[in-house]
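Q: Structure incoming, see below.
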Amino acid sequence: MAAAAPPPPPTPTPIPPTTLPETGPVGNPIFARIRIANPSDVRPLHKLMYQLAVFERLPHLFSATESSLSSNLFNTPPFQSFTVFLLEVSPTPFLDAPVGAHPPITHVVNLDLPIADPESQEFGSGGDAVVAGFVLFFPNYSTFLGKPGFYIEDLYVRDCYRRKGFGKMLLSAVAAQAVKMGYGRVEWCVLDWNVNAIKFYEEMGAQVLQEWRICRLTGDALQAYGN
């Protein structure tokens, strides 16, 4: 009688894969560039300034024109008088710019969702880039410190780009320039009802000086001193 056939060998236990399954890219990167504005930026800059006036509930006081901006903002080298940092954003990297005396500052922000910009055509600045905000500042002087400083007249980021770190980038760019030049401080004003901005500034380490009030001569009251 023939011997019985041996039982088949046991099936080996499957070895789990050692590599993770392929996934799509995480997040939605947006590329930001902060550069010094020039006369060709007057049109979007004027639009941003009007939007700021609307946001501050003061459009009835807005009388700036593209012509007045062109006449006043670009007559001196940067940081010696009025200077504007312009914020541009793009879904693709910016091309390398020539390194000059004041090279642009670049950042990459990874967002959970892409930004829908309903004004992308109106604020387009070439290629995929759009203008998203600005900060205008100029030198002042502290007799107490015995040093110059910068005063920020306006800082504005368009609505769809807020709460993503771009305002901090603009403010940080001014502060970094002040440090680079050995200046003693950076100052600005904030409306008392703008609690989000106040909280944002305090989180950056700024002091909100409750005891100070702005005094202003303008319009007829100013013109009276011309006689």
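In the structure tokens, the first chain shown is A, the next is B, and so on; residue numbers restart at 1 for each chain, and ligands run from 1 in the order shown.
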Identify all residues of stretch 13-225 of chain A in helix (DSSP H, G or I) (DSSP on the backbone) and supply them as a PyMOL selection string.

A: chain A and resi 39-55+59-61+66-72+159-161+166-180+195-203+219-225

Q: Could you list, as a ChimeraX atom specification, every residue within 8 Å of stretch 66-77 of chain A, counting only C-alpha atoms and ignoring same-chain residues fewer than 4 positions away?

A: /A:38-39,42-43,46,81-83

Q: Quick one: write out the picked residues with C-alpha atoms as an mmCIF file, in the first residue's frame?

A:
```cif
data_model
loop_
_atom_site.group_PDB
_atom_site.id
_atom_site.type_symbol
_atom_site.label_atom_id
_atom_site.label_comp_id
_atom_site.auth_asym_id
_atom_site.auth_seq_id
_atom_site.Cartn_x
_atom_site.Cartn_y
_atom_site.Cartn_z
ATOM 1 C CA ASN A 38 6.778 102.073 -7.397
ATOM 2 C CA PRO A 39 4.824 104.501 -9.616
ATOM 3 C CA VAL A 42 -0.495 103.577 -8.136
ATOM 4 C CA ARG A 43 -3.742 102.207 -9.566
ATOM 5 C CA HIS A 46 -5.385 103.796 -4.803
ATOM 6 C CA SER A 81 10.187 109.783 3.497
ATOM 7 C CA PHE A 82 6.893 108.073 2.574
ATOM 8 C CA THR A 83 7.482 104.408 1.757
#
```

Q: Run DSSP on the backbone and tell me which residues of chain A come out as strand (DSSP E or B); list them as an MDAnalysis selection string.

A: chainID A and resid 28:36 83:90 105:111 124 130:142 147:157 186:188

Q: Might you pull out every residue within 8 Å of A:Asn28, with only C-alpha atoms counted and same-chain residues fewer than 4 positions away left off, and present them as a PyMOL selection string?

A: chain A and resi 110-114

Q: Would you pick out the contacts of stretch 152-158 of chain A at 7 Å or less, using only C-alpha atoms, so that residues sharing its chain but fewer than 2 positions from it are not included, and give the list as a PyMOL selection string?

A: chain A and resi 52+132-138+150+160-162+167+187-188

Q: Now that the selection is made, can you save its residues with all heavy atoms as a compact mmCIF listing (two decimals), in the first residue's frame?

A:
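For reference, again_30.txt as written:
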```
# COMPACT_ATOMS: atom_id res chain seq x y z
N LEU A 52 -9.80 100.67 2.29
CA LEU A 52 -9.49 100.92 3.70
C LEU A 52 -10.42 101.99 4.26
O LEU A 52 -10.92 101.84 5.38
CB LEU A 52 -8.04 101.35 3.85
CG LEU A 52 -7.61 101.82 5.24
CD1 LEU A 52 -7.81 100.72 6.28
CD2 LEU A 52 -6.18 102.31 5.24
N ALA A 132 -2.51 92.09 -2.69
CA ALA A 132 -3.39 91.70 -1.59
C ALA A 132 -3.41 92.70 -0.44
O ALA A 132 -4.30 92.64 0.40
CB ALA A 132 -3.00 90.32 -1.06
N GLY A 133 -2.44 93.61 -0.38
CA GLY A 133 -2.42 94.55 0.74
C GLY A 133 -1.24 95.50 0.64
O GLY A 133 -0.42 95.43 -0.28
N PHE A 134 -1.15 96.41 1.62
CA PHE A 134 -0.05 97.37 1.63
C PHE A 134 0.14 97.90 3.04
O PHE A 134 -0.74 97.79 3.91
CB PHE A 134 -0.33 98.54 0.68
CG PHE A 134 -1.27 99.58 1.24
CD1 PHE A 134 -0.78 100.77 1.78
CD2 PHE A 134 -2.64 99.37 1.24
CE1 PHE A 134 -1.65 101.73 2.31
CE2 PHE A 134 -3.51 100.32 1.76
CZ PHE A 134 -3.01 101.51 2.30
N VAL A 135 1.30 98.51 3.26
CA VAL A 135 1.55 99.29 4.47
C VAL A 135 2.32 100.53 4.04
O VAL A 135 3.27 100.45 3.27
CB VAL A 135 2.31 98.49 5.54
CG1 VAL A 135 3.64 97.96 5.04
CG2 VAL A 135 2.50 99.32 6.80
N LEU A 136 1.87 101.70 4.51
CA LEU A 136 2.52 102.98 4.22
C LEU A 136 3.10 103.53 5.51
O LEU A 136 2.39 103.62 6.52
CB LEU A 136 1.53 103.96 3.60
CG LEU A 136 2.09 105.29 3.08
CD1 LEU A 136 1.22 105.82 1.95
CD2 LEU A 136 2.19 106.35 4.19
N PHE A 137 4.37 103.91 5.50
CA PHE A 137 5.02 104.38 6.71
C PHE A 137 6.06 105.44 6.35
O PHE A 137 6.44 105.61 5.19
CB PHE A 137 5.66 103.21 7.47
CG PHE A 137 6.69 102.44 6.68
CD1 PHE A 137 8.04 102.64 6.87
CD2 PHE A 137 6.29 101.49 5.73
CE1 PHE A 137 8.99 101.93 6.15
CE2 PHE A 137 7.24 100.77 5.01
CZ PHE A 137 8.58 100.99 5.21
N PHE A 138 6.54 106.15 7.38
CA PHE A 138 7.53 107.20 7.16
C PHE A 138 8.29 107.46 8.46
O PHE A 138 7.82 107.08 9.55
CB PHE A 138 6.87 108.50 6.66
CG PHE A 138 5.68 108.94 7.44
CD1 PHE A 138 5.80 109.70 8.59
CD2 PHE A 138 4.40 108.57 7.03
CE1 PHE A 138 4.69 110.10 9.31
CE2 PHE A 138 3.28 108.96 7.75
CZ PHE A 138 3.42 109.73 8.90
N PHE A 150 9.78 104.71 12.93
CA PHE A 150 8.84 104.70 11.81
C PHE A 150 7.43 104.88 12.36
O PHE A 150 7.07 104.29 13.39
CB PHE A 150 8.90 103.38 11.03
CG PHE A 150 10.04 103.28 10.07
CD1 PHE A 150 10.78 102.12 9.98
CD2 PHE A 150 10.37 104.34 9.23
CE1 PHE A 150 11.83 102.01 9.09
CE2 PHE A 150 11.42 104.24 8.33
CZ PHE A 150 12.15 103.08 8.26
N CYS A 160 -10.47 88.88 1.63
CA CYS A 160 -10.33 87.42 1.44
C CYS A 160 -8.96 86.91 1.87
O CYS A 160 -8.77 85.68 1.97
CB CYS A 160 -10.62 87.03 -0.01
SG CYS A 160 -9.53 87.81 -1.23
N TYR A 161 -8.01 87.80 2.14
CA TYR A 161 -6.68 87.37 2.55
C TYR A 161 -6.41 87.61 4.04
O TYR A 161 -5.28 87.42 4.50
CB TYR A 161 -5.62 88.10 1.72
CG TYR A 161 -5.68 87.73 0.26
CD1 TYR A 161 -6.26 88.58 -0.67
CD2 TYR A 161 -5.18 86.51 -0.19
CE1 TYR A 161 -6.34 88.23 -2.01
CE2 TYR A 161 -5.25 86.15 -1.53
CZ TYR A 161 -5.83 87.02 -2.44
OH TYR A 161 -5.92 86.66 -3.76
N ARG A 162 -7.43 88.02 4.78
CA ARG A 162 -7.24 88.29 6.21
C ARG A 162 -7.22 86.99 7.02
O ARG A 162 -7.70 85.96 6.57
CB ARG A 162 -8.35 89.21 6.73
CG ARG A 162 -8.26 90.62 6.15
CD ARG A 162 -9.39 91.50 6.61
NE ARG A 162 -9.49 92.67 5.73
CZ ARG A 162 -10.57 93.39 5.57
NH1 ARG A 162 -11.68 93.07 6.21
NH2 ARG A 162 -10.57 94.43 4.76
N GLY A 167 -1.09 90.21 7.34
CA GLY A 167 -0.94 91.47 8.06
C GLY A 167 0.31 91.46 8.94
O GLY A 167 1.04 92.46 9.01
N GLU A 187 5.47 102.97 15.50
CA GLU A 187 4.20 103.37 16.10
C GLU A 187 3.10 103.42 15.05
O GLU A 187 3.37 103.61 13.85
CB GLU A 187 4.31 104.75 16.75
CG GLU A 187 5.21 104.80 17.97
CD GLU A 187 5.20 106.17 18.63
OE1 GLU A 187 5.44 107.16 17.91
OE2 GLU A 187 4.94 106.25 19.83
N TRP A 188 1.86 103.26 15.51
CA TRP A 188 0.69 103.40 14.65
C TRP A 188 -0.53 103.59 15.53
O TRP A 188 -0.45 103.48 16.75
CB TRP A 188 0.55 102.18 13.74
CG TRP A 188 0.31 100.88 14.47
CD1 TRP A 188 -0.89 100.30 14.73
CD2 TRP A 188 1.30 100.00 15.01
NE1 TRP A 188 -0.71 99.11 15.41
CE2 TRP A 188 0.62 98.90 15.59
CE3 TRP A 188 2.69 100.03 15.05
CZ2 TRP A 188 1.29 97.85 16.21
CZ3 TRP A 188 3.36 98.98 15.68
CH2 TRP A 188 2.66 97.91 16.24
```

Q: Just the residues within 9 Å of A:Glu88, please, counting only C-alpha atoms, with nothing from its chain fewer than 2 positions along; format it as a list in words.

A: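 My list of contacting residues is Phe31, Ala32, Arg33, Ile34, Arg35, Leu86, Ser90, Ser125, Ala129, Val130, Val131, Ala132, Gly133 and Phe134 of chain A.
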
Q: Using only C-alpha atoms, which residues sit within 9 Å of stretch 56-64 of chain A once same-chain residues fewer than 6 positions away are excluded, as an MDAnalysis selection string?

A: chainID A and resid 46 49:50 191 194

Q: Applying 10 Å and only C-alpha atoms, which residues near A:Gly146 remain after dropping the ones on its own chain fewer than 3 positions away? List them as a count of residues only.

A: 6

Q: Pick the closest to A:His102 from A:Tyr225, A:Phe79, A:Trp193, A:Phe200: which is it, counting only C-alpha atoms?

A: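 When distances to A:His102 are compared using only C-alpha atoms, the smallest one comes from A:Phe79.
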